[in-house]
Amino acid sequence: MTHSAAPRAPTVRTVAKIRFAKDDGFHAALRQRVEAHFQAHPGRHGGWTLGLKTALILIALAGAYGFLVWGDINVLQAVALAMAIGLLSALVGFNIQHDGGHQAFSAVPWRNRLAAATLDVAGASSYVWNWKHAVYHHGFPNLSGHDTDIDVSNLVRLEPHQPLRAHHRWQFLYIWFLYGIMAMRWQILDDFRDVAKGRIGPHRIPQPKGLEVLILYGGKAIFFALAFGIPMWFHPPLQVLGLYAVMAATLGVFLSVVFQLAHNTGLCEFPAPPEPGGRMAHSWAVHQVQTSADFARDSRLATWFLGGLNFQIEHHLFPHVSHVHYPALSRIVEETCRDHGIAYRDHGSFLQGFMAHVRWLRDLGRPAPQPAS
């Protein structure tokens with residue numbers, strides 16, 4: 001099955017080459033079973049159901065934006081609409097951009113590129129996202145020094161191999177503010193900084209070229225016009241900035257929480273990187289299972305709104321398959337894990353996953369218990 005392989009190696013070297021152990025039969029058996037599923041149910045992309053969902057989300061987002069800018073509304077209604085725009089922007093990322101960025105939205109390449117570019121219009125670069133998320137996160141999830149989604153700041157300790165600092169004791173309380181400003185930083189600062197430096201954290205990235213440059217800076221121009229230029233033509237600047245902060249904070253918290261439940265809890269593993277020249281203890285596919293967790297698998301509503309990101313194990317094993325297929329694939333993955341003695345990690349509900357993330361943040365902020373002498 002061509003779409004089940006690990007992400008292609010980047011053209012720019014990572015900090016150190018990571019080699020995984022050879023497949024012990026799990027990945028081969030899983031690919032065979034998933035291939036049999038798609039032979040019986042053809043189509044690995046989104047199809048008309050994803051097209052309909054895309055239209056509904058974009059229409060709702062455009063309507064909320066139109067009412068906020070041109071509607072006859074009061075302050076409370078404006079705040080509610082700004083929050084709605086933040087949530088709907090997250091749905092664009094979960095359902096449209098994410099599939100497009102992984103070439104899972106459509107079998108037609110330009111449709112995937114167009115879907116991925118919705119992130120640019122929302123203010124974040126799909127070019128930077130591809131390197132940060134599709135290459136470094138998917139290639140090395142929960143691997144210290146390699147996964148750029150866990151190496152974020154000295155203010156936050158997300159995995160046990162990072163140094164413990166005094167202020168981490170309170171991170172389970174203040175991290176929500178950091179989540180709230182994440183989208184603002186991404187939209188206004190981080191993309192420009194990463195491209196200018198040519199690196200994301202410790203990893204080098206190539207400079208964008210041709211159409212990549214046009215999409216990156218054209219997307220930023222459209223976003224700034226939508227977020228600030230057009231609204232300030234009709235409303236006082238301070239009012240516009242305040243509502244933008246509400247929108248961005250809503251977007252940042254929602255995005256962060258959904259992604260953190262899938263990797264940053266005590267249910268997931270955080271293996272140490274191998275010594276130079278060594279290999280990881282497990283194969284690439286087993287590593288993806290061990291470092292990811294599902295949640296709310298039985299909730300059709302959660303699956304619809306979150307773009308299947310509640311099926312994180314399936315997404316990491318088959319990133320080029322559209323999220324609309326994850327519920328069916330999850331039963332195959334779970335059965336194959338059981339047959340090979342691999343723990344399948346599932347939080348159960350969204351609330352259980354959320355509380356597991358809070359406990360993880362609290363526990364990582366405390367010194368490890370010392371053995372009795």
# chains A, B, ... in the order shown; residues from 1 in each chain; ligands from 1
$ select_by_dssp --residues "stretch 234-316 of chain A" --states "alpha helix (DSSP H)" --output "ChimeraX atom specification"
/A:234,237-263,284-290,300-305,312-316
$ residues_around --residues "stretch 293-303 of chain A" --least-positions-apart "3" --cutoff "10 Å" --atoms "only C-alpha atoms" --output "ChimeraX atom specification"
/A:95,258,260-265,267-269,288-290,306-315,323-324,326-327,330,344-354
$ closest_atom_pairs --of "stretch 146-223 of chain A" --to "stretch 227-247 of chain A" --cutoff "10 Å" --atoms "only C-alpha atoms" --output "Markdown table"
| residue | atom | partner | partner_atom | distance |
| --- | --- | --- | --- | --- |
| A:Gly180 | CA | A:Ala245 | CA | 8.9 |
| A:Ile181 | CA | A:Ala245 | CA | 8.4 |
| A:Ala183 | CA | A:Met247 | CA | 9.3 |
| A:Met184 | CA | A:Ala245 | CA | 7.8 |
| A:Ala221 | CA | A:Gly229 | CA | 9.8 |
| A:Ile222 | CA | A:Ala227 | CA | 8.5 |
| A:Phe223 | CA | A:Ala227 | CA | 5.9 |
$ closest_residue --among "A:Pro319, A:Gly218, A:Gly365, A:Gly252" --to "A:Gln103" --atoms "only C-alpha atoms"
A:Pro319
$ residues_around --residues "A:Leu158" --least-positions-apart "2" --cutoff "9 Å" --atoms "only C-alpha atoms" --output "PyMOL selection string"
chain A and resi 150-152+156+160-162+264-265+360-361+364
$ residues_around --residues "A:Ser283" --least-positions-apart "4" --cutoff "7 Å" --atoms "only C-alpha atoms" --output "list in words"
Phe20, Ala21, Lys22, Asp23 and His287 of chain A
$ write_last_selection --atoms "C-alpha atoms" --output "PDB file, in the first residue's frame"
ATOM      1  CA  PHE A  20      14.188   2.959  13.601  1.00  0.00           C
ATOM      2  CA  ALA A  21      14.330  -0.770  14.195  1.00  0.00           C
ATOM      3  CA  LYS A  22      13.249  -3.050  11.370  1.00  0.00           C
ATOM      4  CA  ASP A  23       9.593  -3.997  11.125  1.00  0.00           C
ATOM      5  CA  HIS A 287       6.780   4.124  17.540  1.00  0.00           C
TER       6      HIS A 287
END
$ closest_residue --among "A:Ser89, A:Ser322, A:Gln97, A:Thr118" --to "A:Ile215" --atoms "only C-alpha atoms"
A:Thr118
$ closest_residue --among "A:Trp170, A:Trp110, A:Tyr136, A:Trp176" --to "A:Phe254" --atoms "only C-alpha atoms"
A:Trp176
$ residues_around --residues "stretch 120-134 of chain A" --least-positions-apart "3" --cutoff "8 Å" --atoms "only C-alpha atoms" --output "PyMOL selection string"
chain A and resi 7+89+101-102+116-117+137-139+148-149+186-188+191+194-195+200+205+208+212+215-216+219-220+222-224
$ write_last_selection --atoms "C-alpha atoms" --output "mmCIF file, in the first residue's frame"
data_model
loop_
_atom_site.group_PDB
_atom_site.id
_atom_site.type_symbol
_atom_site.label_atom_id
_atom_site.label_comp_id
_atom_site.auth_asym_id
_atom_site.auth_seq_id
_atom_site.Cartn_x
_atom_site.Cartn_y
_atom_site.Cartn_z
ATOM 1 C CA PRO A 7 6.951 10.264 5.541
ATOM 2 C CA SER A 89 -10.931 28.818 11.766
ATOM 3 C CA GLY A 101 -1.384 19.384 3.699
ATOM 4 C CA HIS A 102 -1.061 15.606 3.914
ATOM 5 C CA ALA A 116 -3.587 23.343 2.303
ATOM 6 C CA ALA A 117 -3.475 27.050 1.385
ATOM 7 C CA HIS A 137 6.498 15.935 14.062
ATOM 8 C CA HIS A 138 5.237 13.006 11.995
ATOM 9 C CA GLY A 139 8.727 11.688 11.450
ATOM 10 C CA THR A 148 9.221 20.362 17.037
ATOM 11 C CA ASP A 149 5.758 20.104 18.603
ATOM 12 C CA TRP A 186 2.134 31.996 14.535
ATOM 13 C CA GLN A 187 0.254 34.560 12.456
ATOM 14 C CA ILE A 188 2.340 37.634 13.240
ATOM 15 C CA ASP A 191 6.460 32.171 10.305
ATOM 16 C CA ASP A 194 11.451 30.757 10.893
ATOM 17 C CA VAL A 195 11.724 31.526 7.175
ATOM 18 C CA ILE A 200 12.568 25.627 13.021
ATOM 19 C CA ILE A 205 14.539 24.257 6.462
ATOM 20 C CA PRO A 208 10.643 28.784 -0.139
ATOM 21 C CA GLU A 212 5.742 28.728 -2.296
ATOM 22 C CA ILE A 215 1.412 31.494 -1.279
ATOM 23 C CA LEU A 216 3.329 32.366 1.879
ATOM 24 C CA GLY A 219 -1.592 34.448 2.237
ATOM 25 C CA LYS A 220 -0.165 36.744 4.899
ATOM 26 C CA ILE A 222 -4.858 38.417 2.631
ATOM 27 C CA PHE A 223 -4.939 37.524 6.324
ATOM 28 C CA PHE A 224 -3.777 40.952 7.480
#
$ residues_around --residues "A:Gly51" --least-positions-apart "3" --cutoff "12 Å" --atoms "only C-alpha atoms" --output "ChimeraX atom specification"
/A:45-48,54-58,95-96,99-100,105-106,111-112,115,322,324
$ decode --residues "stretch 191-231 of chain A" --atoms "N, CA and C atoms" --output "mmCIF file, in the first residue's frame"
data_model
loop_
_atom_site.group_PDB
_atom_site.id
_atom_site.type_symbol
_atom_site.label_atom_id
_atom_site.label_comp_id
_atom_site.auth_asym_id
_atom_site.auth_seq_id
_atom_site.Cartn_x
_atom_site.Cartn_y
_atom_site.Cartn_z
ATOM 1 N N ASP A 191 6.206 32.567 11.694
ATOM 2 C CA ASP A 191 6.460 32.171 10.305
ATOM 3 C C ASP A 191 7.543 33.037 9.676
ATOM 4 N N PHE A 192 7.460 34.343 9.877
ATOM 5 C CA PHE A 192 8.468 35.254 9.319
ATOM 6 C C PHE A 192 9.852 34.951 9.909
ATOM 7 N N ARG A 193 9.884 34.716 11.217
ATOM 8 C CA ARG A 193 11.163 34.428 11.878
ATOM 9 C C ARG A 193 11.762 33.116 11.388
ATOM 10 N N ASP A 194 10.935 32.065 11.294
ATOM 11 C CA ASP A 194 11.451 30.757 10.893
ATOM 12 C C ASP A 194 11.991 30.776 9.469
ATOM 13 N N VAL A 195 11.273 31.455 8.567
ATOM 14 C CA VAL A 195 11.724 31.526 7.175
ATOM 15 C C VAL A 195 12.996 32.360 7.081
ATOM 16 N N ALA A 196 13.049 33.481 7.819
ATOM 17 C CA ALA A 196 14.236 34.339 7.782
ATOM 18 C C ALA A 196 15.466 33.611 8.322
ATOM 19 N N LYS A 197 15.287 32.841 9.388
ATOM 20 C CA LYS A 197 16.411 32.101 9.988
ATOM 21 C C LYS A 197 16.734 30.825 9.218
ATOM 22 N N GLY A 198 15.759 30.334 8.453
ATOM 23 C CA GLY A 198 15.964 29.086 7.732
ATOM 24 C C GLY A 198 16.010 27.877 8.632
ATOM 25 N N ARG A 199 15.312 27.964 9.776
ATOM 26 C CA ARG A 199 15.272 26.817 10.670
ATOM 27 C C ARG A 199 14.067 26.904 11.585
ATOM 28 N N ILE A 200 13.624 25.726 12.022
ATOM 29 C CA ILE A 200 12.568 25.627 13.021
ATOM 30 C C ILE A 200 13.177 24.927 14.218
ATOM 31 N N GLY A 201 13.378 25.660 15.295
ATOM 32 C CA GLY A 201 14.091 25.104 16.431
ATOM 33 C C GLY A 201 15.488 24.707 15.998
ATOM 34 N N PRO A 202 15.894 23.453 16.231
ATOM 35 C CA PRO A 202 17.240 23.022 15.847
ATOM 36 C C PRO A 202 17.343 22.544 14.400
ATOM 37 N N HIS A 203 16.223 22.498 13.676
ATOM 38 C CA HIS A 203 16.192 21.913 12.340
ATOM 39 C C HIS A 203 16.278 22.975 11.255
ATOM 40 N N ARG A 204 17.102 22.730 10.270
ATOM 41 C CA ARG A 204 17.178 23.627 9.126
ATOM 42 C C ARG A 204 16.036 23.344 8.150
ATOM 43 N N ILE A 205 15.533 24.389 7.527
ATOM 44 C CA ILE A 205 14.539 24.257 6.462
ATOM 45 C C ILE A 205 15.008 25.084 5.268
ATOM 46 N N PRO A 206 14.691 24.644 4.041
ATOM 47 C CA PRO A 206 15.108 25.408 2.861
ATOM 48 C C PRO A 206 14.251 26.655 2.691
ATOM 49 N N GLN A 207 14.771 27.611 1.993
ATOM 50 C CA GLN A 207 13.998 28.809 1.699
ATOM 51 C C GLN A 207 12.912 28.487 0.670
ATOM 52 N N PRO A 208 11.702 29.034 0.847
ATOM 53 C CA PRO A 208 10.643 28.784 -0.139
ATOM 54 C C PRO A 208 11.003 29.395 -1.484
ATOM 55 N N LYS A 209 10.493 28.779 -2.550
ATOM 56 C CA LYS A 209 10.792 29.246 -3.892
ATOM 57 C C LYS A 209 9.527 29.292 -4.729
ATOM 58 N N GLY A 210 9.517 30.165 -5.718
ATOM 59 C CA GLY A 210 8.442 30.213 -6.704
ATOM 60 C C GLY A 210 7.065 30.363 -6.089
ATOM 61 N N LEU A 211 6.203 29.400 -6.403
ATOM 62 C CA LEU A 211 4.827 29.450 -5.923
ATOM 63 C C LEU A 211 4.758 29.419 -4.404
ATOM 64 N N GLU A 212 5.722 28.767 -3.758
ATOM 65 C CA GLU A 212 5.742 28.728 -2.296
ATOM 66 C C GLU A 212 5.854 30.133 -1.708
ATOM 67 N N VAL A 213 6.672 30.973 -2.318
ATOM 68 C CA VAL A 213 6.823 32.355 -1.856
ATOM 69 C C VAL A 213 5.518 33.116 -2.041
ATOM 70 N N LEU A 214 4.890 32.930 -3.205
ATOM 71 C CA LEU A 214 3.638 33.633 -3.493
ATOM 72 C C LEU A 214 2.552 33.248 -2.498
ATOM 73 N N ILE A 215 2.435 31.951 -2.217
ATOM 74 C CA ILE A 215 1.412 31.494 -1.279
ATOM 75 C C ILE A 215 1.712 31.992 0.129
ATOM 76 N N LEU A 216 2.968 31.949 0.528
ATOM 77 C CA LEU A 216 3.329 32.366 1.879
ATOM 78 C C LEU A 216 3.010 33.838 2.110
ATOM 79 N N TYR A 217 3.573 34.696 1.267
ATOM 80 C CA TYR A 217 3.405 36.137 1.500
ATOM 81 C C TYR A 217 2.066 36.650 0.998
ATOM 82 N N GLY A 218 1.525 36.021 -0.050
ATOM 83 C CA GLY A 218 0.182 36.394 -0.483
ATOM 84 C C GLY A 218 -0.854 36.036 0.561
ATOM 85 N N GLY A 219 -0.682 34.849 1.172
ATOM 86 C CA GLY A 219 -1.592 34.448 2.237
ATOM 87 C C GLY A 219 -1.529 35.390 3.423
ATOM 88 N N LYS A 220 -0.314 35.797 3.796
ATOM 89 C CA LYS A 220 -0.165 36.744 4.899
ATOM 90 C C LYS A 220 -0.852 38.074 4.576
ATOM 91 N N ALA A 221 -0.696 38.541 3.337
ATOM 92 C CA ALA A 221 -1.316 39.803 2.950
ATOM 93 C C ALA A 221 -2.840 39.715 3.036
ATOM 94 N N ILE A 222 -3.406 38.601 2.558
ATOM 95 C CA ILE A 222 -4.858 38.417 2.631
ATOM 96 C C ILE A 222 -5.304 38.361 4.085
ATOM 97 N N PHE A 223 -4.561 37.626 4.916
ATOM 98 C CA PHE A 223 -4.939 37.524 6.324
ATOM 99 C C PHE A 223 -4.921 38.881 7.009
ATOM 100 N N PHE A 224 -3.854 39.646 6.826
ATOM 101 C CA PHE A 224 -3.777 40.952 7.480
ATOM 102 C C PHE A 224 -4.876 41.887 6.987
ATOM 103 N N ALA A 225 -5.232 41.765 5.718
ATOM 104 C CA ALA A 225 -6.335 42.585 5.201
ATOM 105 C C ALA A 225 -7.653 42.192 5.855
ATOM 106 N N LEU A 226 -7.896 40.878 5.985
ATOM 107 C CA LEU A 226 -9.149 40.409 6.580
ATOM 108 C C LEU A 226 -9.206 40.678 8.075
ATOM 109 N N ALA A 227 -8.070 40.489 8.760
ATOM 110 C CA ALA A 227 -8.056 40.624 10.214
ATOM 111 C C ALA A 227 -8.006 42.067 10.676
ATOM 112 N N PHE A 228 -7.316 42.935 9.918
ATOM 113 C CA PHE A 228 -7.102 44.291 10.390
ATOM 114 C C PHE A 228 -7.535 45.368 9.386
ATOM 115 N N GLY A 229 -7.119 45.219 8.125
ATOM 116 C CA GLY A 229 -7.358 46.279 7.153
ATOM 117 C C GLY A 229 -8.828 46.582 6.928
ATOM 118 N N ILE A 230 -9.603 45.585 6.530
ATOM 119 C CA ILE A 230 -11.026 45.791 6.245
ATOM 120 C C ILE A 230 -11.798 46.183 7.502
ATOM 121 N N PRO A 231 -11.645 45.473 8.638
ATOM 122 C CA PRO A 231 -12.390 45.883 9.830
ATOM 123 C C PRO A 231 -12.077 47.298 10.295
#
